[in-house]
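K.L.:
Just one file: data-v9.csv, with CSV, N, CA and C atoms.
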chain,number,residue,atom,x,y,z
P,1,MET,N,44.9,14.4,-17.7
P,1,MET,CA,43.6,13.9,-17.3
P,1,MET,C,43.4,12.5,-17.8
P,2,ASN,N,43.0,11.6,-17.0
P,2,ASN,CA,42.9,10.2,-17.5
P,2,ASN,C,41.6,10.0,-18.3
P,3,GLU,N,41.7,9.0,-19.2
P,3,GLU,CA,40.6,8.7,-20.1
P,3,GLU,C,39.3,8.3,-19.4
P,4,GLN,N,39.4,7.5,-18.4
P,4,GLN,CA,38.3,7.1,-17.6
P,4,GLN,C,37.5,8.2,-17.0
P,5,ARG,N,38.2,9.2,-16.5
P,5,ARG,CA,37.6,10.4,-15.9
P,5,ARG,C,36.8,11.1,-17.0
P,6,LYS,N,37.4,11.2,-18.2
P,6,LYS,CA,36.7,11.9,-19.3
P,6,LYS,C,35.5,11.1,-19.7
P,7,THR,N,35.6,9.8,-19.8
P,7,THR,CA,34.4,9.0,-20.2
P,7,THR,C,33.3,9.2,-19.2
P,8,ILE,N,33.6,9.1,-17.9
P,8,ILE,CA,32.5,9.2,-16.9
P,8,ILE,C,31.9,10.6,-17.0
P,9,ALA,N,32.7,11.6,-17.1
P,9,ALA,CA,32.2,13.0,-17.2
P,9,ALA,C,31.3,13.2,-18.4
P,10,SER,N,31.7,12.7,-19.5
P,10,SER,CA,30.9,12.9,-20.7
P,10,SER,C,29.6,12.1,-20.6
P,11,LYS,N,29.7,10.9,-20.1
P,11,LYS,CA,28.5,10.0,-19.9
P,11,LYS,C,27.4,10.7,-19.0
P,12,ILE,N,27.9,11.2,-17.9
P,12,ILE,CA,27.0,11.9,-16.9
P,12,ILE,C,26.4,13.1,-17.6
P,13,ARG,N,27.2,13.9,-18.2
P,13,ARG,CA,26.7,15.1,-18.9
P,13,ARG,C,25.7,14.8,-20.0
P,14,GLU,N,26.0,13.7,-20.8
P,14,GLU,CA,25.1,13.3,-21.9
P,14,GLU,C,23.8,12.8,-21.3
P,15,LEU,N,23.8,12.0,-20.3
P,15,LEU,CA,22.6,11.6,-19.6
P,15,LEU,C,21.8,12.7,-19.0
P,16,ARG,N,22.5,13.6,-18.3
P,16,ARG,CA,21.8,14.7,-17.7
P,16,ARG,C,21.1,15.6,-18.7
P,17,LYS,N,21.8,15.9,-19.8
P,17,LYS,CA,21.2,16.7,-20.8
P,17,LYS,C,20.1,16.0,-21.6
P,18,SER,N,20.2,14.7,-21.8
P,18,SER,CA,19.1,14.0,-22.4
P,18,SER,C,17.9,14.0,-21.6
P,19,LYS,N,18.0,14.1,-20.3
P,19,LYS,CA,16.9,14.1,-19.4
P,19,LYS,C,16.4,15.5,-19.1
P,20,LYS,N,17.1,16.5,-19.8
P,20,LYS,CA,16.8,17.9,-19.6
P,20,LYS,C,16.9,18.4,-18.1
P,21,LEU,N,18.0,17.9,-17.5
P,21,LEU,CA,18.3,18.2,-16.1
P,21,LEU,C,19.4,19.2,-16.1
P,22,THR,N,19.3,20.2,-15.1
P,22,THR,CA,20.5,21.0,-14.9
P,22,THR,C,21.4,20.3,-13.9
P,23,GLN,N,22.6,20.9,-13.7
P,23,GLN,CA,23.5,20.3,-12.7
P,23,GLN,C,22.8,20.3,-11.3
P,24,GLU,N,22.1,21.4,-11.1
P,24,GLU,CA,21.4,21.6,-9.8
P,24,GLU,C,20.3,20.5,-9.6
P,25,ASP,N,19.6,20.2,-10.7
P,25,ASP,CA,18.5,19.2,-10.6
P,25,ASP,C,19.2,17.8,-10.3
P,26,LEU,N,20.2,17.5,-11.1
P,26,LEU,CA,20.9,16.2,-10.8
P,26,LEU,C,21.4,16.1,-9.4
P,27,ALA,N,22.0,17.2,-9.0
P,27,ALA,CA,22.6,17.2,-7.6
P,27,ALA,C,21.5,16.9,-6.6
P,28,LYS,N,20.4,17.5,-6.7
P,28,LYS,CA,19.3,17.3,-5.7
P,28,LYS,C,18.8,15.9,-5.8
P,29,LYS,N,18.6,15.3,-7.0
P,29,LYS,CA,18.1,14.0,-7.1
P,29,LYS,C,19.2,13.0,-6.5
P,30,ALA,N,20.4,13.3,-6.7
P,30,ALA,CA,21.5,12.4,-6.2
P,30,ALA,C,22.0,12.7,-4.8
P,31,HIS,N,21.4,13.7,-4.2
P,31,HIS,CA,21.7,14.1,-2.8
P,31,HIS,C,23.2,14.5,-2.8
P,32,LEU,N,23.6,15.3,-3.7
P,32,LEU,CA,25.0,15.8,-3.8
P,32,LEU,C,24.9,17.3,-4.0
P,33,GLU,N,26.1,18.0,-3.8
P,33,GLU,CA,26.2,19.4,-4.0
P,33,GLU,C,26.3,19.7,-5.5
P,34,ARG,N,25.8,20.8,-6.0
P,34,ARG,CA,25.9,21.1,-7.4
P,34,ARG,C,27.4,21.3,-7.8
P,35,SER,N,28.2,21.8,-6.9
P,35,SER,CA,29.6,22.0,-7.2
P,35,SER,C,30.3,20.6,-7.5
P,36,VAL,N,29.8,19.6,-6.8
P,36,VAL,CA,30.4,18.3,-7.0
P,36,VAL,C,30.1,17.8,-8.4
P,37,ILE,N,28.8,18.0,-8.9
P,37,ILE,CA,28.5,17.6,-10.3
P,37,ILE,C,29.3,18.4,-11.3
P,38,ALA,N,29.4,19.7,-11.0
P,38,ALA,CA,30.2,20.5,-11.9
P,38,ALA,C,31.7,20.1,-12.0
P,39,LYS,N,32.2,19.7,-10.9
P,39,LYS,CA,33.7,19.3,-10.9
P,39,LYS,C,33.8,18.0,-11.6
P,40,ILE,N,32.9,17.1,-11.4
P,40,ILE,CA,32.9,15.8,-12.0
P,40,ILE,C,32.8,15.9,-13.5
P,41,GLU,N,31.8,16.7,-14.0
P,41,GLU,CA,31.6,16.9,-15.4
P,41,GLU,C,32.7,17.6,-16.0
P,42,GLY,N,33.3,18.5,-15.3
P,42,GLY,CA,34.5,19.3,-15.8
P,42,GLY,C,35.8,18.6,-15.6
P,43,CYS,N,35.8,17.4,-15.2
P,43,CYS,CA,37.0,16.5,-15.0
P,43,CYS,C,38.0,17.2,-14.1
P,44,VAL,N,37.5,18.0,-13.1
P,44,VAL,CA,38.3,18.6,-12.1
P,44,VAL,C,38.7,17.7,-11.0
P,45,ARG,N,37.8,16.7,-10.7
P,45,ARG,CA,38.1,15.8,-9.7
P,45,ARG,C,37.6,14.4,-10.0
P,46,GLU,N,38.1,13.4,-9.3
P,46,GLU,CA,37.7,12.0,-9.5
P,46,GLU,C,36.3,11.9,-8.8
P,47,ILE,N,35.5,11.0,-9.3
P,47,ILE,CA,34.2,10.7,-8.7
P,47,ILE,C,34.4,9.5,-7.8
P,48,SER,N,33.8,9.6,-6.6
P,48,SER,CA,33.9,8.5,-5.7
P,48,SER,C,32.9,7.4,-6.1
P,49,ALA,N,33.1,6.2,-5.5
P,49,ALA,CA,32.2,5.1,-5.8
P,49,ALA,C,30.8,5.4,-5.3
P,50,ILE,N,30.7,6.0,-4.2
P,50,ILE,CA,29.3,6.4,-3.7
P,50,ILE,C,28.6,7.4,-4.6
P,51,GLU,N,29.4,8.4,-5.0
P,51,GLU,CA,28.8,9.4,-5.9
P,51,GLU,C,28.4,8.8,-7.3
P,52,LEU,N,29.2,7.9,-7.8
P,52,LEU,CA,28.9,7.2,-9.0
P,52,LEU,C,27.6,6.3,-8.8
P,53,ALA,N,27.5,5.7,-7.7
P,53,ALA,CA,26.3,4.8,-7.4
P,53,ALA,C,25.1,5.7,-7.4
P,54,LYS,N,25.2,6.9,-6.7
P,54,LYS,CA,24.0,7.8,-6.6
P,54,LYS,C,23.6,8.3,-7.9
P,55,ILE,N,24.5,8.7,-8.7
P,55,ILE,CA,24.2,9.2,-10.1
P,55,ILE,C,23.6,8.2,-11.0
P,56,ALA,N,24.2,7.0,-10.9
P,56,ALA,CA,23.7,5.9,-11.7
P,56,ALA,C,22.3,5.5,-11.3
P,57,GLN,N,22.0,5.6,-10.0
P,57,GLN,CA,20.6,5.3,-9.5
P,57,GLN,C,19.6,6.4,-10.0
P,58,VAL,N,20.0,7.6,-10.1
P,58,VAL,CA,19.2,8.7,-10.6
P,58,VAL,C,18.8,8.4,-12.1
P,59,PHE,N,19.7,7.9,-12.9
P,59,PHE,CA,19.5,7.6,-14.3
P,59,PHE,C,19.0,6.2,-14.5
P,60,ARG,N,18.9,5.4,-13.5
P,60,ARG,CA,18.5,4.0,-13.6
P,60,ARG,C,19.3,3.3,-14.6
P,61,VAL,N,20.6,3.4,-14.4
P,61,VAL,CA,21.6,2.7,-15.3
P,61,VAL,C,22.6,2.0,-14.4
P,62,ASN,N,23.2,0.9,-14.9
P,62,ASN,CA,24.3,0.2,-14.2
P,62,ASN,C,25.5,1.2,-14.1
P,63,MET,N,26.2,1.1,-13.0
P,63,MET,CA,27.4,1.9,-12.8
P,63,MET,C,28.4,1.7,-13.9
P,64,ASN,N,28.5,0.5,-14.4
P,64,ASN,CA,29.5,0.1,-15.5
P,64,ASN,C,29.2,0.9,-16.8
P,65,ALA,N,27.9,1.3,-17.0
P,65,ALA,CA,27.5,2.0,-18.1
P,65,ALA,C,28.1,3.4,-18.1
P,66,LEU,N,28.4,3.9,-16.9
P,66,LEU,CA,29.0,5.2,-16.8
P,66,LEU,C,30.5,5.2,-16.8
P,67,ILE,N,31.1,4.0,-16.5
P,67,ILE,CA,32.5,3.9,-16.5
P,67,ILE,C,33.1,3.5,-17.8
P,68,TYR,N,32.5,2.6,-18.6
P,68,TYR,CA,33.1,2.1,-19.8
P,68,TYR,C,32.5,2.8,-21.0
P,69,ARG,N,33.2,2.6,-22.1
P,69,ARG,CA,32.8,3.2,-23.4
P,69,ARG,C,31.8,2.3,-24.1
P,70,VAL,N,30.6,2.2,-23.5
P,70,VAL,CA,29.5,1.5,-24.1
P,70,VAL,C,28.3,2.4,-24.1
P,71,PRO,N,27.4,2.2,-25.1
P,71,PRO,CA,26.2,3.1,-25.1
P,71,PRO,C,25.4,3.0,-23.9
P,72,VAL,N,24.9,4.1,-23.5
P,72,VAL,CA,24.0,4.2,-22.3
P,72,VAL,C,22.6,4.4,-22.7
P,73,PHE,N,21.7,3.5,-22.3
P,73,PHE,CA,20.3,3.7,-22.6
P,73,PHE,C,19.5,3.9,-21.4
P,74,ALA,N,18.9,5.1,-21.3
P,74,ALA,CA,18.1,5.4,-20.2
P,74,ALA,C,16.7,5.7,-20.6
P,75,GLY,N,15.8,5.6,-19.8
P,75,GLY,CA,14.4,5.8,-20.2
P,75,GLY,C,13.6,4.5,-20.3
P,76,ASP,N,12.5,4.6,-21.0
P,76,ASP,CA,11.7,3.4,-21.1
P,76,ASP,C,12.3,2.4,-22.1
P,77,VAL,N,11.8,1.2,-22.0
P,77,VAL,CA,12.3,0.1,-22.8
P,77,VAL,C,12.2,0.4,-24.3
P,78,GLU,N,11.1,1.0,-24.8
P,78,GLU,CA,10.9,1.3,-26.2
P,78,GLU,C,12.0,2.2,-26.7
P,79,GLU,N,12.2,3.3,-25.9
P,79,GLU,CA,13.3,4.3,-26.3
P,79,GLU,C,14.6,3.6,-26.4
P,80,SER,N,14.9,2.8,-25.4
P,80,SER,CA,16.2,2.1,-25.4
P,80,SER,C,16.4,1.2,-26.6
P,81,ILE,N,15.3,0.5,-27.0
P,81,ILE,CA,15.4,-0.4,-28.1
P,81,ILE,C,15.7,0.4,-29.4
P,82,VAL,N,15.0,1.5,-29.6
P,82,VAL,CA,15.1,2.3,-30.8
P,82,VAL,C,16.5,2.9,-30.8
P,83,GLU,N,17.0,3.4,-29.7
P,83,GLU,CA,18.4,3.9,-29.6
P,83,GLU,C,19.4,2.8,-30.0
P,84,ALA,N,19.2,1.6,-29.4
P,84,ALA,CA,20.2,0.5,-29.7
P,84,ALA,C,20.1,0.1,-31.2
P,85,LEU,N,19.0,0.1,-31.7
P,85,LEU,CA,18.8,-0.3,-33.1
P,85,LEU,C,19.5,0.8,-34.0
P,86,GLY,N,19.5,2.0,-33.6
P,86,GLY,CA,20.1,3.1,-34.4
P,86,GLY,C,21.6,2.9,-34.5
P,87,LEU,N,22.2,2.1,-33.6
P,87,LEU,CA,23.7,1.9,-33.6
P,87,LEU,C,24.1,0.8,-34.5
P,88,LEU,N,23.1,0.0,-34.9
P,88,LEU,CA,23.4,-1.2,-35.8
P,88,LEU,C,23.3,-0.9,-37.3
P,89,PRO,N,24.1,-1.6,-38.0
P,89,PRO,CA,24.0,-1.5,-39.5
P,89,PRO,C,22.7,-2.1,-39.9
P,90,ASN,N,22.1,-1.6,-41.0
P,90,ASN,CA,20.8,-2.1,-41.5
P,90,ASN,C,20.8,-3.6,-41.6
P,91,SER,N,21.9,-4.2,-42.1
P,91,SER,CA,21.9,-5.6,-42.3
P,91,SER,C,21.6,-6.4,-41.0
P,92,LYS,N,21.9,-5.9,-39.9
P,92,LYS,CA,21.7,-6.6,-38.6
P,92,LYS,C,20.4,-6.2,-37.9
P,93,LYS,N,19.8,-5.1,-38.3
P,93,LYS,CA,18.6,-4.6,-37.6
P,93,LYS,C,17.4,-5.6,-37.8
P,94,LYS,N,17.2,-6.1,-39.0
P,94,LYS,CA,16.1,-7.0,-39.2
P,94,LYS,C,16.2,-8.2,-38.3
P,95,ARG,N,17.4,-8.8,-38.2
P,95,ARG,CA,17.6,-10.0,-37.4
P,95,ARG,C,17.3,-9.7,-35.9
P,96,VAL,N,17.7,-8.5,-35.4
P,96,VAL,CA,17.5,-8.2,-34.0
P,96,VAL,C,16.0,-7.9,-33.8
P,97,ILE,N,15.4,-7.3,-34.7
P,97,ILE,CA,13.9,-7.0,-34.6
P,97,ILE,C,13.1,-8.4,-34.6
P,98,ASP,N,13.5,-9.3,-35.4
P,98,ASP,CA,12.9,-10.6,-35.4
P,98,ASP,C,13.1,-11.3,-34.1
P,99,ILE,N,14.2,-11.2,-33.6
P,99,ILE,CA,14.5,-11.9,-32.2
P,99,ILE,C,13.7,-11.2,-31.2
P,100,LEU,N,13.6,-9.9,-31.2
P,100,LEU,CA,12.8,-9.2,-30.2
P,100,LEU,C,11.3,-9.5,-30.3
P,101,LYS,N,10.8,-9.6,-31.5
P,101,LYS,CA,9.4,-9.9,-31.7
P,101,LYS,C,9.1,-11.3,-31.2
P,102,ALA,N,10.0,-12.2,-31.4
P,102,ALA,CA,9.8,-13.6,-31.0
P,102,ALA,C,9.8,-13.6,-29.4
P,103,ASP,N,10.7,-12.9,-28.8
P,103,ASP,CA,10.8,-12.8,-27.4
P,103,ASP,C,9.5,-12.2,-26.8
P,104,LEU,N,9.1,-11.1,-27.4
P,104,LEU,CA,7.8,-10.4,-27.0
P,104,LEU,C,6.6,-11.3,-27.2
P,105,PHE,N,6.6,-12.1,-28.2
P,105,PHE,CA,5.5,-13.1,-28.4
P,105,PHE,C,5.3,-14.0,-27.2
P,106,ILE,N,6.5,-14.5,-26.7
P,106,ILE,CA,6.5,-15.4,-25.6
P,106,ILE,C,6.0,-14.6,-24.3
P,107,LYS,N,6.5,-13.4,-24.2
P,107,LYS,CA,6.2,-12.6,-23.0
P,107,LYS,C,4.7,-12.3,-23.0
P,108,VAL,N,4.1,-12.0,-24.1
P,108,VAL,CA,2.7,-11.7,-24.2
P,108,VAL,C,1.9,-12.9,-23.8
P,109,LYS,N,2.3,-14.1,-24.2
P,109,LYS,CA,1.6,-15.3,-23.8
P,109,LYS,C,1.6,-15.5,-22.3
P,110,LYS,N,2.7,-15.2,-21.7
P,110,LYS,CA,2.9,-15.4,-20.2
P,110,LYS,C,2.4,-14.3,-19.3
P,111,SER,N,2.2,-13.2,-19.9
P,111,SER,CA,1.8,-12.0,-19.0
P,111,SER,C,0.3,-11.8,-18.9
P,112,LYS,N,0.0,-10.9,-18.0
P,112,LYS,CA,-1.4,-10.5,-17.7
P,112,LYS,C,-1.5,-9.0,-17.5
P,113,GLY,N,-2.7,-8.5,-17.7
P,113,GLY,CA,-3.1,-7.1,-17.4
P,113,GLY,C,-2.2,-6.1,-18.2
P,114,GLU,N,-1.8,-5.1,-17.4
P,114,GLU,CA,-1.1,-3.9,-18.0
P,114,GLU,C,0.2,-4.4,-18.6
P,115,VAL,N,0.9,-5.3,-18.0
P,115,VAL,CA,2.2,-5.8,-18.5
P,115,VAL,C,2.0,-6.4,-19.9
P,116,LYS,N,0.9,-7.2,-20.1
P,116,LYS,CA,0.6,-7.8,-21.3
P,116,LYS,C,0.3,-6.7,-22.4
P,117,LYS,N,-0.4,-5.7,-22.0
P,117,LYS,CA,-0.7,-4.6,-22.9
P,117,LYS,C,0.5,-3.9,-23.4
P,118,LYS,N,1.5,-3.7,-22.5
P,118,LYS,CA,2.7,-3.0,-22.8
P,118,LYS,C,3.5,-3.9,-23.8
P,119,TYR,N,3.6,-5.2,-23.5
P,119,TYR,CA,4.4,-6.1,-24.4
P,119,TYR,C,3.7,-6.1,-25.8
P,120,ARG,N,2.4,-6.1,-25.9
P,120,ARG,CA,1.7,-6.1,-27.2
P,120,ARG,C,2.0,-4.8,-27.9
P,121,GLU,N,2.0,-3.7,-27.2
P,121,GLU,CA,2.2,-2.4,-27.9
P,121,GLU,C,3.7,-2.4,-28.4
P,122,LEU,N,4.6,-2.9,-27.6
P,122,LEU,CA,6.0,-2.9,-28.0
P,122,LEU,C,6.2,-3.8,-29.2
P,123,LYS,N,5.5,-4.9,-29.2
P,123,LYS,CA,5.6,-5.8,-30.4
P,123,LYS,C,5.0,-5.2,-31.6
P,124,ARG,N,3.9,-4.5,-31.5
P,124,ARG,CA,3.3,-3.8,-32.6
P,124,ARG,C,4.2,-2.7,-33.2
P,125,ASN,N,4.8,-2.0,-32.3
P,125,ASN,CA,5.7,-0.9,-32.7
P,125,ASN,C,6.9,-1.5,-33.4
P,126,LEU,N,7.4,-2.6,-33.0
P,126,LEU,CA,8.6,-3.2,-33.6
P,126,LEU,C,8.2,-3.7,-35.0
P,127,SER,N,6.9,-4.2,-35.2
P,127,SER,CA,6.5,-4.7,-36.4
P,127,SER,C,6.3,-3.5,-37.5
P,128,GLU,N,6.1,-2.3,-37.0
P,128,GLU,CA,5.9,-1.2,-37.8
P,128,GLU,C,7.2,-0.6,-38.3
P,129,LEU,N,8.4,-0.9,-37.7
P,129,LEU,CA,9.6,-0.4,-38.1
P,129,LEU,C,10.0,-0.8,-39.5
P,130,GLN,N,10.4,0.1,-40.3
P,130,GLN,CA,10.8,-0.2,-41.7
P,130,GLN,C,12.3,-0.2,-41.7
P,131,ILE,N,12.9,-1.3,-42.2
P,131,ILE,CA,14.3,-1.5,-42.4
P,131,ILE,C,14.6,-1.6,-43.8
P,132,GLU,N,15.5,-0.7,-44.3
P,132,GLU,CA,16.0,-0.7,-45.7
P,132,GLU,C,17.1,-1.7,-45.8
P,133,ASP,N,17.1,-2.4,-46.9
P,133,ASP,CA,18.2,-3.4,-47.1
P,133,ASP,C,19.4,-2.7,-47.7
Let's see the structure in the file written out as structure tokens.
P.N.:
Amino acid sequence: MNEQRKTIASKIRELRKSKKLTQEDLAKKAHLERSVIAKIEGCVREISAIELAKIAQVFRVNMNALIYRVPVFAGDVEESIVEALGLLPNSKKKRVIDILKADLFIKVKKSKGEVKKKYRELKRNLSELQIED
């Protein structure tokens, strides 16, 4: 069994479980048969490009995120930032948070309405993160 097939299978399974979806749920959302999902996750068969695109669309991730050994972040922006920060050593977290806060400061200035509120909330949440040295 090739490594890429294993990577794709584990990424799909990981995302599916993180979203609390059954294979049946994922199959319905991706307009595929449940047996197709089971065979892909079980590394029984290759995934087609069309199937990969459909599954990536369900999880709102780039297809490359399912193919390569890179972290997959699905969900809202805040969850993704927290997940990504968890992968960094503490020595780099503070720098990344400072960069994100600066970027959000600019976005708050340029935004309006609900988007502005969301950026402000995200910036406030970043400010509350405690990073140990």
K.L.:
Using all atoms listed in the file, which of P:Leu15, P:Leu122, P:Ile55, P:Ile8 sits nearest Lys29 of chain P?
P.N.:
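Closest candidate: P:Ile55.
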K.L.:
Measure the distance from atom N of Arg60 of chain P to atom C of Val44 of chain P in Å and round it to one decimal.
P.N.:
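Taking atom N of Arg60 of chain P as the start and atom C of Val44 of chain P as the end point, the length is 23.4 Å.
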K.L.:
I'd like the interatomic distance between atom C of Asn125 of chain P and atom C of Lys110 of chain P, to a tenth of an Å.
P.N.:
19.6 Å
K.L.:
Go through segment 6-26 of chain P residue by residue and, counting only N, CA and C atoms, keep those with an atom at most 7 Å from segment 31-40 of chain P; for each kept residue give the shortest atom pair and its distance in Å to one decimal, ordered by chain and increasing number, as JSON lines.
P.N.:
{"residue": "P:Ile8", "atom": "C", "partner": "P:Ile40", "partner_atom": "C", "distance": 6.4}
{"residue": "P:Ala9", "atom": "CA", "partner": "P:Ile40", "partner_atom": "C", "distance": 4.7}
{"residue": "P:Ser10", "atom": "N", "partner": "P:Ile40", "partner_atom": "C", "distance": 6.9}
{"residue": "P:Gln23", "atom": "C", "partner": "P:Arg34", "partner_atom": "CA", "distance": 5.0}
{"residue": "P:Glu24", "atom": "CA", "partner": "P:Arg34", "partner_atom": "CA", "distance": 5.1}
{"residue": "P:Leu26", "atom": "C", "partner": "P:His31", "partner_atom": "N", "distance": 5.7}
K.L.:
Report, in Å with one decimal, the straight-line distance from atom CA of Lys28 of chain P to atom CA of Ser48 of chain P.
P.N.:
17.0 Å
K.L.:
Using only C-alpha atoms, find the one residue out of P:Val58, P:Lys123, P:Glu41, P:Lys117 that sits nearest to Asp103 of chain P.
P.N.:
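The answer is P:Lys123, which sits nearest to Asp103 of chain P.
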K.L.:
Taking into account all atoms listed in the file, which residue in the set P:Gln57, P:Ser111, P:Asn62, P:Asn2 is nearest to Ala30 of chain P?
P.N.:
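Smallest distance to Ala30 of chain P is found for P:Gln57.
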